[in-house]
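Student: Contents are mmCIF, N, CA and C atoms; file name entry-v7.cif:
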data_protein
#
loop_
_atom_site.label_atom_id
_atom_site.label_comp_id
_atom_site.auth_asym_id
_atom_site.auth_seq_id
_atom_site.Cartn_x
_atom_site.Cartn_y
_atom_site.Cartn_z
N MET A 1387 96.72 112.72 84.22
CA MET A 1387 96.69 113.18 85.59
C MET A 1387 96.85 112.01 86.55
N LYS A 1388 96.19 110.88 86.25
CA LYS A 1388 96.30 109.72 87.12
C LYS A 1388 97.73 109.21 87.17
N ARG A 1389 98.40 109.24 86.01
CA ARG A 1389 99.78 108.77 85.96
C ARG A 1389 100.68 109.65 86.82
N TYR A 1390 100.47 110.96 86.75
CA TYR A 1390 101.25 111.90 87.54
C TYR A 1390 100.98 111.67 89.03
N LEU A 1391 99.73 111.48 89.38
CA LEU A 1391 99.36 111.24 90.77
C LEU A 1391 99.99 109.94 91.26
N PHE A 1392 99.98 108.91 90.41
CA PHE A 1392 100.61 107.65 90.79
C PHE A 1392 102.11 107.85 91.02
N ALA A 1393 102.75 108.63 90.18
CA ALA A 1393 104.18 108.90 90.33
C ALA A 1393 104.47 109.58 91.66
N ILE A 1394 103.65 110.55 92.02
CA ILE A 1394 103.82 111.23 93.30
C ILE A 1394 103.62 110.26 94.45
N MET A 1395 102.60 109.41 94.33
CA MET A 1395 102.35 108.43 95.39
C MET A 1395 103.49 107.42 95.48
N ALA A 1396 104.04 107.04 94.34
CA ALA A 1396 105.17 106.12 94.33
C ALA A 1396 106.37 106.74 95.04
N CYS A 1397 106.62 108.02 94.77
CA CYS A 1397 107.72 108.72 95.45
C CYS A 1397 107.50 108.77 96.95
N ALA A 1398 106.29 109.08 97.35
CA ALA A 1398 105.98 109.15 98.78
C ALA A 1398 106.19 107.80 99.44
N PHE A 1399 105.75 106.75 98.77
CA PHE A 1399 105.94 105.41 99.32
C PHE A 1399 107.42 105.07 99.43
N VAL A 1400 108.15 105.37 98.38
CA VAL A 1400 109.57 105.07 98.34
C VAL A 1400 110.30 105.80 99.47
N LEU A 1401 109.96 107.05 99.67
CA LEU A 1401 110.62 107.84 100.71
C LEU A 1401 110.26 107.34 102.10
N SER A 1402 109.13 106.69 102.23
CA SER A 1402 108.72 106.22 103.54
C SER A 1402 109.42 104.92 103.95
N LEU A 1403 110.05 104.26 103.02
CA LEU A 1403 110.73 103.01 103.35
C LEU A 1403 111.92 103.29 104.27
N SER A 1404 112.07 102.48 105.29
CA SER A 1404 113.12 102.72 106.28
C SER A 1404 114.51 102.63 105.66
N GLY A 1405 115.34 103.57 106.05
CA GLY A 1405 116.73 103.57 105.62
C GLY A 1405 116.96 104.09 104.23
N LEU A 1406 115.93 104.38 103.48
CA LEU A 1406 116.12 104.80 102.11
C LEU A 1406 115.93 106.30 101.92
N ALA A 1407 115.41 106.96 102.90
CA ALA A 1407 115.14 108.39 102.76
C ALA A 1407 116.42 109.20 102.64
N THR A 1408 117.53 108.73 103.19
CA THR A 1408 118.78 109.49 103.15
C THR A 1408 119.22 109.79 101.72
N ALA A 1409 119.22 108.79 100.86
CA ALA A 1409 119.62 109.00 99.47
C ALA A 1409 118.65 109.93 98.77
N ALA A 1410 117.38 109.79 99.07
CA ALA A 1410 116.38 110.62 98.42
C ALA A 1410 116.44 112.06 98.91
N ASP A 1411 116.94 112.29 100.12
CA ASP A 1411 117.04 113.64 100.65
C ASP A 1411 117.91 114.53 99.77
N LYS A 1412 118.88 113.95 99.10
CA LYS A 1412 119.80 114.71 98.26
C LYS A 1412 119.25 114.93 96.85
N ALA A 1413 118.14 114.27 96.54
CA ALA A 1413 117.56 114.38 95.21
C ALA A 1413 116.76 115.68 95.07
N THR A 1414 116.88 116.28 93.92
CA THR A 1414 116.10 117.48 93.62
C THR A 1414 114.69 117.06 93.22
N PRO A 1415 113.76 118.01 93.15
CA PRO A 1415 112.42 117.66 92.67
C PRO A 1415 112.45 117.05 91.26
N ASP A 1416 113.35 117.54 90.41
CA ASP A 1416 113.47 116.97 89.08
C ASP A 1416 113.98 115.53 89.15
N ASP A 1417 114.96 115.28 90.02
CA ASP A 1417 115.45 113.91 90.21
C ASP A 1417 114.32 113.00 90.67
N MET A 1418 113.51 113.49 91.61
CA MET A 1418 112.42 112.67 92.14
C MET A 1418 111.42 112.32 91.03
N LYS A 1419 111.21 113.26 90.12
CA LYS A 1419 110.30 113.00 88.99
C LYS A 1419 110.84 111.86 88.13
N TRP A 1420 112.14 111.91 87.83
CA TRP A 1420 112.74 110.87 86.99
C TRP A 1420 112.81 109.53 87.72
N ILE A 1421 113.12 109.57 89.01
CA ILE A 1421 113.17 108.34 89.79
C ILE A 1421 111.77 107.71 89.87
N ALA A 1422 110.76 108.53 90.10
CA ALA A 1422 109.38 108.02 90.16
C ALA A 1422 108.99 107.39 88.83
N GLN A 1423 109.35 108.02 87.72
CA GLN A 1423 109.03 107.45 86.41
C GLN A 1423 109.75 106.13 86.20
N CYS A 1424 110.99 106.05 86.62
CA CYS A 1424 111.76 104.81 86.52
C CYS A 1424 111.09 103.71 87.34
N ILE A 1425 110.64 104.04 88.54
CA ILE A 1425 109.95 103.06 89.38
C ILE A 1425 108.69 102.56 88.69
N ILE A 1426 107.93 103.47 88.11
CA ILE A 1426 106.72 103.08 87.38
C ILE A 1426 107.09 102.17 86.21
N ASP A 1427 108.13 102.54 85.47
CA ASP A 1427 108.55 101.75 84.31
C ASP A 1427 109.01 100.35 84.69
N ASN A 1428 109.50 100.18 85.92
CA ASN A 1428 110.06 98.89 86.34
C ASN A 1428 109.21 98.15 87.36
N LYS A 1429 108.02 98.63 87.65
CA LYS A 1429 107.20 98.04 88.71
C LYS A 1429 106.79 96.60 88.42
N ASP A 1430 106.73 96.20 87.17
CA ASP A 1430 106.30 94.85 86.81
C ASP A 1430 107.47 93.92 86.48
N GLU A 1431 108.67 94.26 86.93
CA GLU A 1431 109.85 93.46 86.62
C GLU A 1431 110.10 92.34 87.64
N GLY A 1432 109.23 92.21 88.62
CA GLY A 1432 109.35 91.11 89.58
C GLY A 1432 110.38 91.35 90.68
N GLN A 1433 110.77 92.59 90.88
CA GLN A 1433 111.75 92.92 91.91
C GLN A 1433 111.06 93.61 93.09
N PRO A 1434 111.59 93.44 94.30
CA PRO A 1434 111.04 94.17 95.43
C PRO A 1434 111.16 95.69 95.20
N MET A 1435 110.24 96.45 95.75
CA MET A 1435 110.23 97.90 95.59
C MET A 1435 111.56 98.52 96.02
N GLU A 1436 112.17 97.99 97.08
CA GLU A 1436 113.45 98.54 97.56
C GLU A 1436 114.54 98.39 96.51
N VAL A 1437 114.54 97.26 95.81
CA VAL A 1437 115.54 97.02 94.77
C VAL A 1437 115.32 97.97 93.60
N VAL A 1438 114.08 98.10 93.19
CA VAL A 1438 113.76 99.00 92.08
C VAL A 1438 114.14 100.43 92.43
N GLN A 1439 113.84 100.85 93.65
CA GLN A 1439 114.18 102.22 94.06
C GLN A 1439 115.69 102.43 94.04
N LYS A 1440 116.45 101.51 94.62
CA LYS A 1440 117.91 101.66 94.64
C LYS A 1440 118.45 101.72 93.21
N TYR A 1441 117.93 100.86 92.36
CA TYR A 1441 118.36 100.85 90.97
C TYR A 1441 118.08 102.20 90.30
N CYS A 1442 116.86 102.69 90.48
CA CYS A 1442 116.47 103.95 89.84
C CYS A 1442 117.27 105.13 90.38
N GLU A 1443 117.51 105.16 91.68
CA GLU A 1443 118.32 106.23 92.27
C GLU A 1443 119.75 106.18 91.73
N CYS A 1444 120.29 104.98 91.63
CA CYS A 1444 121.65 104.81 91.12
C CYS A 1444 121.74 105.29 89.67
N MET A 1445 120.80 104.84 88.85
CA MET A 1445 120.82 105.24 87.44
C MET A 1445 120.65 106.75 87.31
N ASN A 1446 119.75 107.32 88.07
CA ASN A 1446 119.54 108.77 88.02
C ASN A 1446 120.82 109.51 88.41
N SER A 1447 121.53 109.00 89.41
CA SER A 1447 122.75 109.68 89.85
C SER A 1447 123.87 109.61 88.81
N LYS A 1448 123.82 108.62 87.94
CA LYS A 1448 124.85 108.48 86.90
C LYS A 1448 124.54 109.36 85.68
N MET A 1449 123.32 109.80 85.57
CA MET A 1449 122.92 110.62 84.42
C MET A 1449 123.32 112.08 84.64
N ASP A 1450 123.63 112.75 83.56
CA ASP A 1450 123.94 114.17 83.59
C ASP A 1450 122.69 114.95 83.99
N ASP A 1451 122.87 116.03 84.72
CA ASP A 1451 121.74 116.85 85.14
C ASP A 1451 120.97 117.46 83.97
N ASN A 1452 121.60 117.58 82.84
CA ASN A 1452 120.93 118.16 81.67
C ASN A 1452 120.35 117.11 80.73
N GLU A 1453 120.36 115.85 81.15
CA GLU A 1453 119.83 114.77 80.33
C GLU A 1453 118.33 114.96 80.12
N THR A 1454 117.86 114.73 78.90
CA THR A 1454 116.44 114.88 78.61
C THR A 1454 115.73 113.53 78.47
N GLN A 1455 116.49 112.45 78.38
CA GLN A 1455 115.87 111.13 78.27
C GLN A 1455 115.42 110.66 79.65
N THR A 1456 114.43 109.78 79.67
CA THR A 1456 114.06 109.14 80.92
C THR A 1456 115.15 108.14 81.29
N VAL A 1457 115.14 107.68 82.52
CA VAL A 1457 116.10 106.66 82.95
C VAL A 1457 115.95 105.43 82.06
N THR A 1458 114.71 105.05 81.77
CA THR A 1458 114.45 103.85 80.95
C THR A 1458 115.04 104.00 79.55
N GLN A 1459 114.94 105.17 78.97
CA GLN A 1459 115.53 105.40 77.65
C GLN A 1459 117.06 105.41 77.74
N TRP A 1460 117.59 106.07 78.75
CA TRP A 1460 119.02 106.24 78.90
C TRP A 1460 119.73 104.92 79.17
N GLU A 1461 119.10 104.06 79.97
CA GLU A 1461 119.75 102.81 80.35
C GLU A 1461 120.01 101.90 79.14
N LYS A 1462 119.20 102.04 78.11
CA LYS A 1462 119.36 101.20 76.92
C LYS A 1462 120.65 101.48 76.17
N THR A 1463 121.19 102.67 76.34
CA THR A 1463 122.43 103.05 75.65
C THR A 1463 123.63 103.11 76.60
N HIS A 1464 123.42 102.69 77.84
CA HIS A 1464 124.49 102.72 78.84
C HIS A 1464 124.54 101.40 79.61
N PRO A 1465 124.95 100.32 78.93
CA PRO A 1465 124.94 99.00 79.58
C PRO A 1465 125.88 98.89 80.78
N LYS A 1466 127.00 99.59 80.76
CA LYS A 1466 127.94 99.53 81.89
C LYS A 1466 127.27 100.08 83.15
N GLU A 1467 126.66 101.24 83.02
CA GLU A 1467 125.99 101.86 84.17
C GLU A 1467 124.81 101.02 84.63
N ARG A 1468 124.07 100.46 83.66
CA ARG A 1468 122.93 99.60 84.00
C ARG A 1468 123.38 98.40 84.83
N LYS A 1469 124.49 97.78 84.43
CA LYS A 1469 125.00 96.62 85.18
C LYS A 1469 125.47 97.04 86.57
N GLU A 1470 126.20 98.15 86.66
CA GLU A 1470 126.67 98.63 87.97
C GLU A 1470 125.50 98.88 88.92
N CYS A 1471 124.47 99.52 88.42
CA CYS A 1471 123.32 99.83 89.27
C CYS A 1471 122.52 98.59 89.60
N SER A 1472 122.41 97.68 88.67
CA SER A 1472 121.71 96.41 88.95
C SER A 1472 122.42 95.66 90.06
N ASP A 1473 123.75 95.59 89.96
CA ASP A 1473 124.53 94.90 90.99
C ASP A 1473 124.39 95.59 92.34
N LYS A 1474 124.49 96.91 92.34
CA LYS A 1474 124.40 97.69 93.59
C LYS A 1474 123.03 97.53 94.25
N ALA A 1475 121.99 97.46 93.44
CA ALA A 1475 120.63 97.36 93.97
C ALA A 1475 120.26 95.94 94.38
N GLY A 1476 121.01 94.97 93.90
CA GLY A 1476 120.68 93.58 94.19
C GLY A 1476 119.63 93.01 93.26
N TRP A 1477 119.57 93.55 92.05
CA TRP A 1477 118.60 93.11 91.05
C TRP A 1477 118.93 91.67 90.64
N LYS A 1478 117.95 90.82 90.68
CA LYS A 1478 118.16 89.40 90.30
C LYS A 1478 117.26 89.01 89.17
#
Take the structure in the file and give it back as structure tokens.
Tutor:
Amino acid sequence: MKRYLFAIMACAFVLSLSGLATAADKATPDDMKWIAQCIIDNKDEGQPMEVVQKYCECMNSKMDDNETQTVTQWEKTHPKERKECSDKAGWK
């Protein structure tokens, strides 16, 4: 329950960041769940929250709507997409 609550809080925080709500507006509730999980999975990677959010949104947008893997699982088998999203997000 705490993990779920943290994910919801992470989504709320992410949406509150200036200029980033536009991309999230197009996300479905299911997308937001996967993006929130991706943010949680990458929170200790030493990147600013804005970079992690952009990366997670980008990766989620590249995944098929019927995908059952998490973004973290999916990215391991899709290095091209991972690199594109890392570059787009400014991941260093």
Student: For each of A:Val1457, A:Lys1419, A:Lys1478, A:Met1449, take the minimum atom-to-atom distance to Gly1432 in chain A, counting all atoms listed in the file, then give the residue where this is smallest.
Tutor: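 Ranked by minimum distance to Gly1432 in chain A, first place goes to A:Lys1478.
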Student: For Asp1416 in chain A, which residue among A:Asn1428, A:Glu1467, A:Asn1446, A:Pro1434 is the nearest when counting only C-alpha atoms?
Tutor: A:Asn1446
Student: Can you translate the PyMOL selection byres (((chain A and resi 1427 and name CA) around 10) and name CA) into the concrete residues it hits in this file, as a list in words?
Tutor: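 In the shown coordinates, the PyMOL selection byres (((chain A and resi 1427 and name CA) around 10) and name CA) covers Ile1421, Ala1422, Gln1423, Cys1424, Ile1425, Ile1426, Asn1428, Lys1429, Asp1430, Glu1431, Val1438, Cys1442, Thr1456, Val1457 and Thr1458 of chain A.
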Student: Write the residues of the preceding selection, restricted to N, CA and C atoms, as an mmCIF file, keeping the file's coordinate frame.
Tutor:
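Saved to again_2.cif:
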data_model
loop_
_atom_site.group_PDB
_atom_site.id
_atom_site.type_symbol
_atom_site.label_atom_id
_atom_site.label_comp_id
_atom_site.auth_asym_id
_atom_site.auth_seq_id
_atom_site.Cartn_x
_atom_site.Cartn_y
_atom_site.Cartn_z
ATOM 1 N N ILE A 1421 113.120 109.570 89.010
ATOM 2 C CA ILE A 1421 113.170 108.340 89.790
ATOM 3 C C ILE A 1421 111.770 107.710 89.870
ATOM 4 N N ALA A 1422 110.760 108.530 90.100
ATOM 5 C CA ALA A 1422 109.380 108.020 90.160
ATOM 6 C C ALA A 1422 108.990 107.390 88.830
ATOM 7 N N GLN A 1423 109.350 108.020 87.720
ATOM 8 C CA GLN A 1423 109.030 107.450 86.410
ATOM 9 C C GLN A 1423 109.750 106.130 86.200
ATOM 10 N N CYS A 1424 110.990 106.050 86.620
ATOM 11 C CA CYS A 1424 111.760 104.810 86.520
ATOM 12 C C CYS A 1424 111.090 103.710 87.340
ATOM 13 N N ILE A 1425 110.640 104.040 88.540
ATOM 14 C CA ILE A 1425 109.950 103.060 89.380
ATOM 15 C C ILE A 1425 108.690 102.560 88.690
ATOM 16 N N ILE A 1426 107.930 103.470 88.110
ATOM 17 C CA ILE A 1426 106.720 103.080 87.380
ATOM 18 C C ILE A 1426 107.090 102.170 86.210
ATOM 19 N N ASN A 1428 109.500 100.180 85.920
ATOM 20 C CA ASN A 1428 110.060 98.890 86.340
ATOM 21 C C ASN A 1428 109.210 98.150 87.360
ATOM 22 N N LYS A 1429 108.020 98.630 87.650
ATOM 23 C CA LYS A 1429 107.200 98.040 88.710
ATOM 24 C C LYS A 1429 106.790 96.600 88.420
ATOM 25 N N ASP A 1430 106.730 96.200 87.170
ATOM 26 C CA ASP A 1430 106.300 94.850 86.810
ATOM 27 C C ASP A 1430 107.470 93.920 86.480
ATOM 28 N N GLU A 1431 108.670 94.260 86.930
ATOM 29 C CA GLU A 1431 109.850 93.460 86.620
ATOM 30 C C GLU A 1431 110.100 92.340 87.640
ATOM 31 N N VAL A 1438 114.080 98.100 93.190
ATOM 32 C CA VAL A 1438 113.760 99.000 92.080
ATOM 33 C C VAL A 1438 114.140 100.430 92.430
ATOM 34 N N CYS A 1442 116.860 102.690 90.480
ATOM 35 C CA CYS A 1442 116.470 103.950 89.840
ATOM 36 C C CYS A 1442 117.270 105.130 90.380
ATOM 37 N N THR A 1456 114.430 109.780 79.670
ATOM 38 C CA THR A 1456 114.060 109.140 80.920
ATOM 39 C C THR A 1456 115.150 108.140 81.290
ATOM 40 N N VAL A 1457 115.140 107.680 82.520
ATOM 41 C CA VAL A 1457 116.100 106.660 82.950
ATOM 42 C C VAL A 1457 115.950 105.430 82.060
ATOM 43 N N THR A 1458 114.710 105.050 81.770
ATOM 44 C CA THR A 1458 114.450 103.850 80.950
ATOM 45 C C THR A 1458 115.040 104.000 79.550
#
Student: In Å, rounded to a single decimal, give me how far atom C of Asp1451 in chain A is from atom N of Pro1415 in chain A.
Tutor: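 So the two atoms, atom N of Pro1415 in chain A and atom C of Asp1451 in chain A, lie 11.7 Å apart.
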Student: Can you find the residues with an atom no farther than 8 Å from (120.1, 95.5, 92.1), counting all atoms listed in the file, and report them as a ChimeraX atom specification?
Tutor: /A:1436-1438,1440-1441,1469-1478
Student: Let's have the selection written as a PDB file, in the frame of the given file, with N, CA and C atoms.
Tutor:
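Ended up saving to part_5.pdb:
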ATOM      1  N   GLU A1436     112.170  97.990  97.080  1.00  0.00           N
ATOM      2  CA  GLU A1436     113.450  98.540  97.560  1.00  0.00           C
ATOM      3  C   GLU A1436     114.540  98.390  96.510  1.00  0.00           C
ATOM      4  N   VAL A1437     114.540  97.260  95.810  1.00  0.00           N
ATOM      5  CA  VAL A1437     115.540  97.020  94.770  1.00  0.00           C
ATOM      6  C   VAL A1437     115.320  97.970  93.600  1.00  0.00           C
ATOM      7  N   VAL A1438     114.080  98.100  93.190  1.00  0.00           N
ATOM      8  CA  VAL A1438     113.760  99.000  92.080  1.00  0.00           C
ATOM      9  C   VAL A1438     114.140 100.430  92.430  1.00  0.00           C
ATOM     10  N   LYS A1440     116.450 101.510  94.620  1.00  0.00           N
ATOM     11  CA  LYS A1440     117.910 101.660  94.640  1.00  0.00           C
ATOM     12  C   LYS A1440     118.450 101.720  93.210  1.00  0.00           C
ATOM     13  N   TYR A1441     117.930 100.860  92.360  1.00  0.00           N
ATOM     14  CA  TYR A1441     118.360 100.850  90.970  1.00  0.00           C
ATOM     15  C   TYR A1441     118.080 102.200  90.300  1.00  0.00           C
ATOM     16  N   LYS A1469     124.490  97.780  84.430  1.00  0.00           N
ATOM     17  CA  LYS A1469     125.000  96.620  85.180  1.00  0.00           C
ATOM     18  C   LYS A1469     125.470  97.040  86.570  1.00  0.00           C
ATOM     19  N   GLU A1470     126.200  98.150  86.660  1.00  0.00           N
ATOM     20  CA  GLU A1470     126.670  98.630  87.970  1.00  0.00           C
ATOM     21  C   GLU A1470     125.500  98.880  88.920  1.00  0.00           C
ATOM     22  N   CYS A1471     124.470  99.520  88.420  1.00  0.00           N
ATOM     23  CA  CYS A1471     123.320  99.830  89.270  1.00  0.00           C
ATOM     24  C   CYS A1471     122.520  98.590  89.600  1.00  0.00           C
ATOM     25  N   SER A1472     122.410  97.680  88.670  1.00  0.00           N
ATOM     26  CA  SER A1472     121.710  96.410  88.950  1.00  0.00           C
ATOM     27  C   SER A1472     122.420  95.660  90.060  1.00  0.00           C
ATOM     28  N   ASP A1473     123.750  95.590  89.960  1.00  0.00           N
ATOM     29  CA  ASP A1473     124.530  94.900  90.990  1.00  0.00           C
ATOM     30  C   ASP A1473     124.390  95.590  92.340  1.00  0.00           C
ATOM     31  N   LYS A1474     124.490  96.910  92.340  1.00  0.00           N
ATOM     32  CA  LYS A1474     124.400  97.690  93.590  1.00  0.00           C
ATOM     33  C   LYS A1474     123.030  97.530  94.250  1.00  0.00           C
ATOM     34  N   ALA A1475     121.990  97.460  93.440  1.00  0.00           N
ATOM     35  CA  ALA A1475     120.630  97.360  93.970  1.00  0.00           C
ATOM     36  C   ALA A1475     120.260  95.940  94.380  1.00  0.00           C
ATOM     37  N   GLY A1476     121.010  94.970  93.900  1.00  0.00           N
ATOM     38  CA  GLY A1476     120.680  93.580  94.190  1.00  0.00           C
ATOM     39  C   GLY A1476     119.630  93.010  93.260  1.00  0.00           C
ATOM     40  N   TRP A1477     119.570  93.550  92.050  1.00  0.00           N
ATOM     41  CA  TRP A1477     118.600  93.110  91.050  1.00  0.00           C
ATOM     42  C   TRP A1477     118.930  91.670  90.640  1.00  0.00           C
ATOM     43  N   LYS A1478     117.950  90.820  90.680  1.00  0.00           N
ATOM     44  CA  LYS A1478     118.160  89.400  90.300  1.00  0.00           C
ATOM     45  C   LYS A1478     117.260  89.010  89.170  1.00  0.00           C
TER      46      LYS A1478
END
